[in-house]
$ cat data_1.cif   # mmCIF, C-alpha atoms
data_work
loop_
_atom_site.label_atom_id
_atom_site.label_comp_id
_atom_site.auth_asym_id
_atom_site.auth_seq_id
_atom_site.Cartn_x
_atom_site.Cartn_y
_atom_site.Cartn_z
CA MET D 9 0.00 0.00 0.00
CA GLY D 10 1.12 3.55 -0.60
CA ARG D 11 0.72 7.23 0.09
CA VAL D 12 -1.93 8.86 -2.15
CA LEU D 13 -2.39 12.62 -2.57
CA VAL D 14 -5.74 13.80 -3.97
CA VAL D 15 -5.98 17.29 -5.49
CA GLY D 16 -9.53 18.64 -5.23
CA GLY D 17 -12.40 17.99 -2.86
CA GLY D 18 -15.29 17.94 -5.31
CA ALA D 19 -17.42 14.98 -6.41
CA ALA D 20 -14.66 13.07 -8.20
CA GLY D 21 -11.97 13.90 -5.64
CA MET D 22 -13.99 12.77 -2.64
CA MET D 23 -15.06 9.56 -4.38
CA ALA D 24 -11.46 8.85 -5.43
CA ALA D 25 -10.14 9.51 -1.92
CA ALA D 26 -12.71 7.19 -0.32
CA ALA D 27 -12.06 4.43 -2.87
CA ALA D 28 -8.27 4.63 -2.45
CA ALA D 29 -8.46 4.65 1.35
CA GLU D 30 -10.83 1.68 1.37
CA ARG D 31 -8.17 -0.25 -0.55
CA GLY D 32 -5.76 0.35 2.31
CA HIS D 33 -3.80 3.34 1.00
CA GLU D 34 -2.83 6.28 3.19
CA VAL D 35 -4.83 9.11 1.59
CA PHE D 36 -4.48 12.89 1.93
CA LEU D 37 -6.95 15.22 0.20
CA TYR D 38 -6.08 18.87 -0.51
CA GLU D 39 -8.87 21.36 -1.25
CA LYS D 40 -8.15 25.02 -1.91
CA ASN D 41 -11.59 26.21 -0.75
CA GLU D 42 -12.73 26.59 2.83
CA LYS D 43 -15.11 23.63 2.47
CA LEU D 44 -15.55 20.46 0.44
CA GLY D 45 -17.97 20.06 -2.47
CA LYS D 46 -18.51 23.76 -3.12
CA LYS D 47 -19.77 23.14 -6.65
CA LEU D 48 -21.90 20.19 -5.51
CA TYR D 49 -23.81 22.56 -3.24
CA ILE D 50 -25.22 24.41 -6.26
CA THR D 51 -25.83 21.50 -8.67
CA GLY D 52 -29.44 20.88 -9.60
CA LYS D 53 -30.32 24.31 -8.14
CA GLY D 54 -29.07 23.12 -4.78
CA ARG D 55 -30.93 19.81 -4.97
CA CYS D 56 -28.10 17.75 -6.52
CA ASN D 57 -29.21 15.57 -9.44
CA LEU D 58 -26.64 12.91 -8.54
CA THR D 59 -27.24 10.35 -11.31
CA ASN D 60 -29.88 8.96 -13.66
CA ALA D 61 -31.98 5.79 -13.41
CA CYS D 62 -31.58 4.93 -17.11
CA ASP D 63 -30.12 1.74 -18.58
CA MET D 64 -26.43 1.54 -19.46
CA GLU D 65 -27.03 2.07 -23.16
CA THR D 66 -28.83 5.37 -22.48
CA LEU D 67 -26.15 6.37 -19.97
CA LEU D 68 -23.41 5.96 -22.56
CA ALA D 69 -25.52 7.61 -25.28
CA SER D 70 -25.96 10.67 -23.04
CA VAL D 71 -22.20 11.30 -23.01
CA ARG D 72 -21.34 13.89 -25.64
CA THR D 73 -17.54 13.54 -25.70
CA ASN D 74 -15.49 10.30 -25.59
CA ALA D 75 -18.29 7.98 -24.47
CA ARG D 76 -16.29 4.88 -25.44
CA PHE D 77 -13.55 5.86 -22.99
CA LEU D 78 -16.10 5.62 -20.16
CA TYR D 79 -17.26 2.08 -20.94
CA SER D 80 -14.97 0.42 -18.39
CA ALA D 81 -15.48 3.06 -15.67
CA PHE D 82 -19.28 3.05 -16.04
CA TYR D 83 -19.44 -0.72 -15.77
CA SER D 84 -17.06 -0.77 -12.79
CA PHE D 85 -19.14 1.80 -10.91
CA THR D 86 -22.62 1.98 -12.43
CA ASN D 87 -25.47 4.40 -11.79
CA GLU D 88 -26.98 1.64 -9.64
CA ASP D 89 -23.73 1.52 -7.65
CA ALA D 90 -23.98 5.29 -7.17
CA ARG D 91 -27.52 4.91 -5.83
CA ASN D 92 -26.44 2.16 -3.44
CA PHE D 93 -23.41 4.17 -2.31
CA PHE D 94 -25.55 7.08 -1.12
CA GLU D 95 -28.48 5.06 0.18
CA ASN D 96 -26.08 2.91 2.22
CA ALA D 97 -24.64 6.14 3.59
CA GLY D 98 -28.09 7.03 4.89
CA VAL D 99 -29.35 9.29 2.09
CA PRO D 100 -32.85 8.25 0.86
CA LEU D 101 -33.22 8.97 -2.86
CA LYS D 102 -36.09 9.64 -5.27
CA THR D 103 -36.48 9.46 -9.04
CA GLU D 104 -38.09 12.30 -10.97
CA ARG D 105 -38.98 13.09 -14.59
CA GLY D 106 -36.45 11.83 -17.11
CA GLY D 107 -34.94 9.37 -14.62
CA ARG D 108 -33.23 12.14 -12.66
CA ILE D 109 -32.26 10.98 -9.17
CA PHE D 110 -32.21 13.40 -6.20
CA PRO D 111 -31.95 13.12 -2.43
CA GLN D 112 -35.46 12.90 -0.97
CA SER D 113 -34.56 15.90 1.15
CA ASP D 114 -33.75 18.00 -1.95
CA ARG D 115 -30.55 18.98 -0.15
CA ALA D 116 -27.20 18.75 -1.95
CA ALA D 117 -25.58 19.01 1.47
CA ASP D 118 -26.77 15.47 2.25
CA ILE D 119 -24.71 14.11 -0.67
CA ILE D 120 -21.63 16.01 0.49
CA ASP D 121 -22.12 14.82 4.08
CA ALA D 122 -22.36 11.21 2.86
CA LEU D 123 -19.05 11.53 1.00
CA LYS D 124 -17.38 13.19 4.01
CA LYS D 125 -18.64 10.41 6.27
CA ARG D 126 -17.35 7.71 3.90
CA MET D 127 -13.93 9.38 3.71
CA LYS D 128 -13.73 9.75 7.48
CA GLN D 129 -14.61 6.09 8.01
CA ALA D 130 -11.89 5.10 5.55
CA GLY D 131 -9.30 7.28 7.25
CA VAL D 132 -8.85 10.01 4.60
CA ARG D 133 -7.11 13.09 5.99
CA VAL D 134 -8.62 16.28 4.57
CA TYR D 135 -6.81 19.64 4.36
CA LEU D 136 -8.93 22.69 3.49
CA ASN D 137 -7.59 26.08 2.34
CA SER D 138 -4.71 24.11 0.82
CA GLU D 139 -3.99 25.17 -2.74
CA VAL D 140 -1.69 23.00 -4.84
CA GLU D 141 0.89 24.99 -6.78
CA ARG D 142 2.38 22.20 -8.91
CA LEU D 143 3.04 18.47 -9.17
CA THR D 144 6.46 16.87 -8.99
CA ALA D 145 7.80 13.92 -10.97
CA GLU D 146 11.10 12.21 -11.57
CA ASP D 147 12.10 9.78 -14.33
CA GLY D 148 8.51 9.38 -15.52
CA GLN D 149 7.18 8.68 -12.01
CA ILE D 150 5.08 11.05 -9.89
CA THR D 151 6.80 12.00 -6.64
CA GLY D 152 4.26 14.34 -5.03
CA LEU D 153 3.21 17.97 -5.10
CA VAL D 154 4.02 21.43 -3.83
CA LEU D 155 1.46 23.55 -1.98
CA LYS D 156 1.15 27.28 -2.47
CA GLY D 157 3.65 28.68 -0.02
CA GLY D 158 6.27 26.12 -0.93
CA LYS D 159 5.50 23.12 1.27
CA VAL D 160 6.65 19.93 -0.48
CA LEU D 161 4.56 16.77 -0.02
CA TYR D 162 5.70 13.35 -1.14
CA GLY D 163 3.38 10.74 -2.54
CA ASP D 164 3.50 7.43 -4.40
CA ALA D 165 0.41 8.47 -6.39
CA VAL D 166 -1.39 11.74 -7.12
CA ILE D 167 -5.02 11.96 -8.26
CA VAL D 168 -5.89 15.25 -9.97
CA ALA D 169 -9.61 15.96 -9.54
CA SER D 170 -9.55 19.75 -9.55
CA GLY D 171 -12.49 20.33 -11.91
CA GLY D 172 -12.72 22.37 -15.10
CA LEU D 173 -13.42 26.04 -15.76
CA SER D 174 -17.17 26.21 -15.11
CA TYR D 175 -18.44 28.22 -12.12
CA PRO D 176 -14.97 29.64 -11.32
CA SER D 177 -16.43 31.15 -8.13
CA THR D 178 -16.44 27.60 -6.71
CA GLY D 179 -12.70 27.24 -7.30
CA SER D 180 -12.80 25.66 -10.77
CA THR D 181 -10.12 27.79 -12.38
CA GLY D 182 -8.41 25.25 -14.62
CA ASP D 183 -5.54 24.35 -12.28
CA GLY D 184 -5.70 20.70 -13.34
CA TYR D 185 -5.15 21.62 -16.97
CA ARG D 186 -1.95 23.44 -16.03
CA PHE D 187 -0.76 20.50 -13.92
CA ALA D 188 -1.46 18.13 -16.83
CA ARG D 189 0.40 20.30 -19.36
CA GLU D 190 3.39 20.62 -17.03
CA MET D 191 3.50 16.81 -16.88
CA GLY D 192 3.53 16.64 -20.70
CA HIS D 193 -0.17 15.95 -21.27
CA GLN D 194 -2.22 17.34 -24.12
CA VAL D 195 -5.21 19.46 -23.06
CA THR D 196 -7.90 19.90 -25.71
CA PRO D 197 -9.50 23.36 -26.20
CA CYS D 198 -12.08 24.14 -23.52
CA LEU D 199 -15.56 25.57 -24.09
CA PRO D 200 -18.46 26.28 -21.74
CA ALA D 201 -21.01 23.43 -21.92
CA LEU D 202 -24.57 23.10 -20.66
CA VAL D 203 -24.74 26.87 -20.84
CA PRO D 204 -27.38 29.43 -21.95
CA PHE D 205 -27.44 31.16 -25.35
CA ASN D 206 -26.98 34.83 -26.18
CA ILE D 207 -29.76 35.94 -28.57
CA ARG D 208 -29.58 39.02 -30.84
CA GLU D 209 -33.29 39.90 -31.06
CA ALA D 210 -34.33 42.67 -28.65
CA PHE D 211 -37.71 41.09 -27.93
CA VAL D 212 -36.13 38.46 -25.65
CA LYS D 213 -35.70 41.15 -22.98
CA GLU D 214 -39.48 41.68 -22.98
CA LEU D 215 -39.88 37.94 -22.36
CA GLN D 216 -37.37 37.74 -19.50
CA GLY D 217 -38.49 35.21 -16.90
CA LEU D 218 -41.02 33.51 -19.18
CA SER D 219 -40.82 29.72 -19.16
CA LEU D 220 -42.28 27.85 -22.13
CA LYS D 221 -43.17 24.20 -21.52
CA ASN D 222 -43.87 21.52 -24.11
CA ILE D 223 -42.24 23.38 -26.98
CA GLU D 224 -39.92 22.03 -29.66
CA ILE D 225 -36.70 23.73 -30.68
CA ARG D 226 -34.60 23.31 -33.79
CA ILE D 227 -31.14 24.77 -34.29
CA LEU D 228 -30.14 25.46 -37.86
CA GLU D 229 -26.91 26.32 -39.63
CA GLY D 230 -28.32 27.92 -42.75
CA GLU D 231 -30.98 25.38 -43.72
CA LYS D 232 -29.14 22.42 -42.17
CA GLU D 233 -30.70 21.14 -38.95
CA LEU D 234 -28.06 20.57 -36.26
CA TYR D 235 -30.27 19.75 -33.31
CA ARG D 236 -33.92 19.20 -32.40
CA ALA D 237 -35.51 18.62 -29.00
CA PHE D 238 -38.80 18.80 -27.12
CA GLY D 239 -39.13 20.21 -23.62
CA GLU D 240 -38.87 23.43 -21.63
CA MET D 241 -37.01 26.68 -22.27
CA LEU D 242 -36.65 29.93 -20.38
CA PHE D 243 -36.19 33.48 -21.67
CA THR D 244 -33.59 35.65 -19.94
CA HIS D 245 -32.48 39.27 -20.27
CA PHE D 246 -29.70 38.15 -22.64
CA GLY D 247 -31.32 35.25 -24.50
CA ALA D 248 -32.45 31.72 -23.74
CA SER D 249 -31.85 29.06 -21.11
CA GLY D 250 -33.75 26.10 -19.65
CA PRO D 251 -33.26 22.34 -20.07
CA VAL D 252 -33.58 22.06 -23.89
CA ILE D 253 -31.28 25.04 -24.44
CA LEU D 254 -28.60 23.82 -22.02
CA THR D 255 -28.53 20.39 -23.66
CA ALA D 256 -28.51 21.99 -27.12
CA SER D 257 -25.41 23.99 -26.16
CA SER D 258 -23.42 20.77 -25.80
CA HIS D 259 -24.47 19.68 -29.29
CA VAL D 260 -23.83 22.94 -31.16
CA GLY D 261 -21.31 24.79 -28.97
CA GLU D 262 -18.33 24.20 -31.25
CA ARG D 263 -20.25 25.39 -34.35
CA LEU D 264 -21.45 28.41 -32.41
CA SER D 265 -17.88 29.34 -31.52
CA ARG D 266 -17.30 29.88 -35.26
CA GLN D 267 -20.58 31.37 -36.49
CA GLU D 268 -24.09 32.43 -35.56
CA LEU D 269 -26.92 29.89 -35.69
CA ARG D 270 -30.71 30.08 -35.98
CA LEU D 271 -32.99 28.95 -33.16
CA MET D 272 -36.50 27.98 -34.29
CA VAL D 273 -39.19 27.44 -31.64
CA ASP D 274 -42.39 25.56 -32.39
CA LEU D 275 -44.85 26.93 -29.82
CA LYS D 276 -47.51 24.33 -30.65
CA PRO D 277 -45.67 21.08 -31.48
CA ALA D 278 -48.73 18.97 -30.61
CA LEU D 279 -50.51 20.48 -33.65
CA ASP D 280 -49.30 19.96 -37.20
CA ARG D 281 -49.62 22.85 -39.65
CA GLU D 282 -53.12 21.82 -40.82
CA GLN D 283 -54.40 21.26 -37.27
CA LEU D 284 -53.07 24.67 -36.24
CA ASN D 285 -54.75 26.23 -39.26
CA GLN D 286 -58.06 24.63 -38.23
CA ARG D 287 -57.60 25.91 -34.69
CA LEU D 288 -57.06 29.46 -35.96
CA LEU D 289 -60.06 29.21 -38.29
CA ARG D 290 -62.21 28.14 -35.36
CA ASP D 291 -60.90 30.85 -33.01
CA PHE D 292 -61.23 33.53 -35.66
CA GLY D 293 -64.67 32.30 -36.73
CA GLU D 294 -65.98 32.47 -33.16
CA ASN D 295 -64.66 36.02 -32.61
CA PRO D 296 -65.09 37.92 -35.93
CA ASN D 297 -65.62 41.33 -34.33
CA LYS D 298 -62.82 41.15 -31.77
CA SER D 299 -59.40 42.72 -32.27
CA PHE D 300 -56.51 40.46 -33.30
CA LYS D 301 -54.52 41.09 -30.08
CA ASN D 302 -57.40 39.82 -27.94
CA VAL D 303 -57.99 36.64 -29.92
CA ALA D 304 -54.24 35.89 -30.21
CA GLY D 305 -54.05 36.15 -26.44
CA GLY D 306 -55.89 32.85 -26.16
CA LEU D 307 -52.97 31.03 -27.76
CA PHE D 308 -50.03 32.18 -25.64
CA PRO D 309 -48.96 33.17 -22.14
CA ALA D 310 -49.79 36.85 -21.47
CA LYS D 311 -46.15 37.94 -21.66
CA LEU D 312 -45.66 36.35 -25.08
CA THR D 313 -48.82 37.71 -26.75
CA PRO D 314 -47.66 41.29 -27.52
CA VAL D 315 -44.38 39.97 -28.94
CA MET D 316 -46.16 37.48 -31.22
CA VAL D 317 -48.64 40.14 -32.33
CA ALA D 318 -45.79 42.52 -33.17
CA LEU D 319 -43.84 39.84 -35.07
CA SER D 320 -46.95 38.82 -37.04
CA GLY D 321 -47.09 42.15 -38.84
CA ILE D 322 -50.85 42.29 -38.21
CA ALA D 323 -52.10 45.48 -36.55
CA PRO D 324 -53.02 44.69 -32.91
CA ASP D 325 -56.44 46.36 -33.17
CA LYS D 326 -57.33 44.93 -36.57
CA LYS D 327 -60.69 43.15 -36.46
CA ILE D 328 -60.60 39.42 -37.02
CA HIS D 329 -63.04 39.63 -39.94
CA ASP D 330 -60.59 41.94 -41.74
CA ILE D 331 -57.62 39.54 -41.50
CA SER D 332 -56.80 37.96 -44.85
CA ARG D 333 -56.09 34.30 -45.50
CA GLU D 334 -52.46 35.15 -46.24
CA GLU D 335 -52.09 37.00 -42.94
CA ARG D 336 -53.59 34.09 -41.04
CA GLN D 337 -51.23 31.64 -42.76
CA ARG D 338 -48.20 33.84 -42.03
CA PHE D 339 -49.27 33.94 -38.39
CA ALA D 340 -49.59 30.13 -38.31
CA HIS D 341 -46.07 29.88 -39.74
CA LEU D 342 -44.79 32.20 -37.01
CA VAL D 343 -46.40 30.07 -34.29
CA LYS D 344 -44.59 27.00 -35.63
CA ASN D 345 -41.35 28.87 -36.40
CA LEU D 346 -40.55 31.61 -33.91
CA GLU D 347 -37.06 32.48 -35.11
CA MET D 348 -34.14 33.91 -33.15
CA THR D 349 -30.44 34.43 -33.88
CA VAL D 350 -28.04 32.70 -31.50
CA THR D 351 -24.89 34.82 -31.44
CA SER D 352 -22.78 32.98 -28.86
CA LEU D 353 -22.65 30.88 -25.72
CA ARG D 354 -22.65 32.50 -22.30
CA GLY D 355 -19.38 32.27 -20.37
CA PHE D 356 -17.83 29.73 -17.99
CA GLU D 357 -19.31 31.57 -15.00
CA GLU D 358 -22.76 30.33 -16.12
CA ALA D 359 -21.73 26.96 -17.55
CA ILE D 360 -22.67 23.81 -15.65
CA ILE D 361 -19.63 21.96 -17.01
CA THR D 362 -16.57 22.36 -19.23
CA ARG D 363 -16.21 20.75 -22.62
CA GLY D 364 -12.58 19.82 -23.35
CA GLY D 365 -9.74 18.98 -20.98
CA VAL D 366 -7.01 16.39 -20.49
CA SER D 367 -6.88 14.19 -23.59
CA VAL D 368 -8.24 10.73 -22.77
CA LYS D 369 -5.89 9.22 -25.34
CA GLU D 370 -3.15 9.66 -22.75
CA VAL D 371 -5.14 8.14 -19.86
CA SER D 372 -5.95 4.49 -19.10
CA PRO D 373 -9.76 4.02 -19.29
CA SER D 374 -9.81 1.31 -16.61
CA THR D 375 -7.69 3.03 -13.94
CA MET D 376 -7.54 6.72 -15.03
CA GLU D 377 -3.73 6.52 -14.75
CA SER D 378 -1.62 8.69 -17.00
CA ARG D 379 0.05 6.83 -19.85
CA LEU D 380 2.91 9.32 -19.62
CA ILE D 381 3.67 9.60 -15.88
CA ARG D 382 3.40 6.56 -13.59
CA GLY D 383 1.38 7.20 -10.46
CA LEU D 384 -0.47 10.22 -11.90
CA TYR D 385 -4.26 9.82 -12.15
CA PHE D 386 -7.07 12.07 -13.36
CA ALA D 387 -10.76 12.05 -12.43
CA GLY D 388 -13.89 14.10 -13.15
CA GLU D 389 -14.29 17.29 -15.12
CA VAL D 390 -10.56 17.82 -15.64
CA LEU D 391 -10.79 15.07 -18.31
CA ASN D 392 -12.14 15.72 -21.81
CA LEU D 393 -15.54 14.20 -20.96
CA ASP D 394 -18.98 15.81 -20.87
CA ALA D 395 -22.59 14.73 -21.04
CA GLU D 396 -26.12 16.06 -21.31
CA THR D 397 -28.15 17.27 -18.32
CA GLY D 398 -29.92 14.73 -16.15
CA GLY D 399 -27.32 13.51 -13.65
CA PHE D 400 -24.95 12.13 -16.28
CA ASN D 401 -22.04 14.47 -15.55
CA LEU D 402 -22.03 13.60 -11.86
CA GLN D 403 -22.10 9.93 -12.83
CA ILE D 404 -18.92 10.60 -14.82
CA ALA D 405 -17.41 12.09 -11.64
CA TRP D 406 -18.41 9.10 -9.48
CA SER D 407 -17.26 6.49 -12.01
CA THR D 408 -13.93 8.10 -12.91
CA GLY D 409 -13.23 8.95 -9.26
CA TYR D 410 -13.91 5.37 -8.22
CA ALA D 411 -11.78 4.02 -11.10
CA ALA D 412 -8.85 6.26 -10.11
CA GLY D 413 -9.02 5.46 -6.40
CA ASN D 414 -9.59 1.78 -7.00
CA GLY D 415 -6.97 1.53 -9.75
CA ILE D 416 -3.92 2.66 -7.81
CA ARG D 417 -1.11 0.11 -7.82
CA ILE D 418 2.07 1.04 -5.98
CA PRO D 419 5.25 -0.85 -6.98
CA GLN D 420 6.95 -2.22 -3.84
CA SER D 421 10.11 -0.31 -4.65
CA LEU D 422 8.28 2.99 -4.38
CA ASN D 423 6.70 2.98 -0.92
CA LYS D 424 8.47 6.16 0.15
CA LYS D 425 7.84 7.46 3.60
CA GLY D 426 6.51 10.95 3.16
CA GLN D 427 6.40 13.88 5.49
CA GLU D 428 3.31 15.72 6.58
#
$ encode --input "data_1.cif" --output "structure tokens"
Amino acid sequence: MGRVLVVGGGAAGMMAAAAAAERGHEVFLYEKNEKLGKKLYITGKGRCNLTNACDMETLLASVRTNARFLYSAFYSFTNEDARNFFENAGVPLKTERGGRIFPQSDRAADIIDALKKRMKQAGVRVYLNSEVERLTAEDGQITGLVLKGGKVLYGDAVIVASGGLSYPSTGSTGDGYRFAREMGHQVTPCLPALVPFNIREAFVKELQGLSLKNIEIRILEGEKELYRAFGEMLFTHFGASGPVILTASSHVGERLSRQELRLMVDLKPALDREQLNQRLLRDFGENPNKSFKNVAGGLFPAKLTPVMVALSGIAPDKKIHDISREERQRFAHLVKNLEMTVTSLRGFEEAIITRGGVSVKEVSPSTMESRLIRGLYFAGEVLNLDAETGGFNLQIAWSTGYAAGNGIRIPQSLNKKGQE
């Protein structure tokens, strides 16, 4: 058994530390914040969507980048294992829409407390307010790390689980990428992922705070459809957010970094074009002497009505009996194709995760050990892995953290006695 140093006290770091200690290693965890799991506290709006109840095929299909790399890790520590881990630690769980799994208490703190308890039972020693400055290696073998301030710590293995660039206020400032580069690793370009869109059209500001449920979005590059999804979106002062938008950002983010895209919203996806036309004929026929703005109001939330009326090009006070067939058809087209221009992604400070990171080509998929430096391991968001919303990204953290902690093998010749 050996001396293991874990860099980062987030989801992956805590899981890795517990797994390594339970295998008999002497484990020390260094976290630069004043508390553990700072980002976990805000996941799922503070409720912590910790995994998903889907089958393995769906789990792998929900990974956007390098899903094949995760095959071994996911099967070694499955979503069912994650459920058992927390339930055995005394956290009752519940499953919600889309297979999303949360603590019954709706408290992310319960998940963090369970991890802290597991680490304590296994003998992990935790050091808060301890920022790692750099790693040390010799002849292709990790030797330890140096804390900010110059303190040198020796270790037979180092697990880097310091997160990505998303939510930098929680301490995710890309330190792990620098450590990896300094050890000779390739780090792929990083982009915000699961992040809202900036929209050019001024009318989005009028819709700020409006949530649209049961709509369908399409994202187009010219006339080419890049993404389509059904669900819920939210208008903000800068553009669009909500579940379908966040997931879309992971599908089109790279294209969007090069050019603007079109966002098309079908406000009535349950009705095809002919059914919508019949609905309008009925509504118009029943209210021939009413003004257009009043009849249109029956189709949309109150906040959306004036915007749709303005975009229709039909005068708000025009009587229904004066509206032409062509105007009605143009309005029906607008209802099925509310168009906006997506100019860019929002920044890392609003991104749930980071896309990009340490190249998985240089990491063993079964143990998360570096292929370049013996005894160096990576886990969680620092790796070039990302998935859709729904608990899948935390499952990546649990599975890669477990694989790293469980995969540590210390050659007998290395068991150096460190200093603390």
$ residues_near_point --input "data_1.cif" --point "(-40.7, 33.9, -20.7)" --cutoff "9 Å" --atoms "only C-alpha atoms" --output "tab-separated table (two decimals) with C-alpha atoms, keeping the file's coordinate frame"
chain	number	residue	atom	x	y	z
D	212	VAL	CA	-36.13	38.46	-25.65
D	214	GLU	CA	-39.48	41.68	-22.98
D	215	LEU	CA	-39.88	37.94	-22.36
D	216	GLN	CA	-37.37	37.74	-19.50
D	217	GLY	CA	-38.49	35.21	-16.90
D	218	LEU	CA	-41.02	33.51	-19.18
D	219	SER	CA	-40.82	29.72	-19.16
D	220	LEU	CA	-42.28	27.85	-22.13
D	241	MET	CA	-37.01	26.68	-22.27
D	242	LEU	CA	-36.65	29.93	-20.38
D	243	PHE	CA	-36.19	33.48	-21.67
D	244	THR	CA	-33.59	35.65	-19.94
D	309	PRO	CA	-48.96	33.17	-22.14
D	311	LYS	CA	-46.15	37.94	-21.66
D	312	LEU	CA	-45.66	36.35	-25.08
$ resolve_selection --input "data_1.cif" --expression "the PyMOL selection byres ((chain D and resi 185) around 10)" --output "list in words"
Val168, Ser170, Gly171, Gly172, Leu173, Thr181, Gly182, Asp183, Gly184, Arg186, Phe187, Ala188, Arg189, Glu190, Met191, His193, Gln194, Val195, Thr196, Cys198, Gly364, Gly365, Val366, Val390 and Leu391 of chain D
$ residues_around --input "data_1.cif" --residues "Gly306 of chain D" --least-positions-apart "5" --cutoff "10 Å" --atoms "all atoms listed in the file" --output "PyMOL selection string"
chain D and resi 291+301+313
$ write_last_selection --input "data_1.cif" --atoms "C-alpha atoms" --output "PDB file, in the frame of the given file"
ATOM      1  CA  ASP D 291     -60.900  30.850 -33.010  1.00  0.00           C
ATOM      2  CA  LYS D 301     -54.520  41.090 -30.080  1.00  0.00           C
ATOM      3  CA  THR D 313     -48.820  37.710 -26.750  1.00  0.00           C
TER       4      THR D 313
END
$ closest_residue --input "data_1.cif" --among "D:Ala97, D:Ala318, D:Leu275, D:Leu402" --to "Val343 of chain D" --atoms "only C-alpha atoms"
D:Leu275
$ atom_distance --input "data_1.cif" --atom1 "atom CA of Thr397 of chain D" --atom2 "atom CA of Ala26 of chain D"
25.8 Å
$ atom_distance --input "data_1.cif" --atom1 "atom CA of Arg270 of chain D" --atom2 "atom CA of Gln283 of chain D"
25.3 Å
$ closest_residue --input "data_1.cif" --among "D:Gln286, D:Ser320, D:Ser249, D:Gln267" --to "Gly230 of chain D" --atoms "all atoms listed in the file"
D:Gln267
$ residues_around --input "data_1.cif" --residues "Ala412 of chain D" --least-positions-apart "2" --cutoff "9 Å" --atoms "all atoms listed in the file" --output "PyMOL selection string"
chain D and resi 24-25+27-28+167+374-377+385-387+407-410+414-416
$ atom_distance --input "data_1.cif" --atom1 "atom CA of Tyr38 of chain D" --atom2 "atom CA of Gly17 of chain D"
6.8 Å
$ resolve_selection --input "data_1.cif" --expression "the PyMOL selection byres ((chain D and resi 146-161) around 7)" --output "number ranges by chain"
D: 138-145, 162-166, 380-384, 426-428
$ closest_atom_pairs --input "data_1.cif" --of "segment 229-294 of chain D" --to "segment 50-70 of chain D" --cutoff "12 Å" --atoms "only C-alpha atoms" --output "CSV"
residue,atom,partner,partner_atom,distance
D:Pro251,CA,D:Gly52,CA,11.2
D:Thr255,CA,D:Ser70,CA,10.1
D:Ser258,CA,D:Ser70,CA,10.8
D:His259,CA,D:Ser70,CA,11.1
$ decode --input "data_1.cif" --residues "segment 391-409 of chain D" --atoms "C-alpha atoms" --output "compact mmCIF listing (two decimals), in the first residue's frame"
# COMPACT_ATOMS: atom_id res chain seq x y z
CA LEU D 391 -10.79 15.07 -18.31
CA ASN D 392 -12.14 15.72 -21.81
CA LEU D 393 -15.54 14.20 -20.96
CA ASP D 394 -18.98 15.81 -20.87
CA ALA D 395 -22.59 14.73 -21.04
CA GLU D 396 -26.12 16.06 -21.31
CA THR D 397 -28.15 17.27 -18.32
CA GLY D 398 -29.92 14.73 -16.15
CA GLY D 399 -27.32 13.51 -13.65
CA PHE D 400 -24.95 12.13 -16.28
CA ASN D 401 -22.04 14.47 -15.55
CA LEU D 402 -22.03 13.60 -11.86
CA GLN D 403 -22.10 9.93 -12.83
CA ILE D 404 -18.92 10.60 -14.82
CA ALA D 405 -17.41 12.09 -11.64
CA TRP D 406 -18.41 9.10 -9.48
CA SER D 407 -17.26 6.49 -12.01
CA THR D 408 -13.93 8.10 -12.91
CA GLY D 409 -13.23 8.95 -9.26
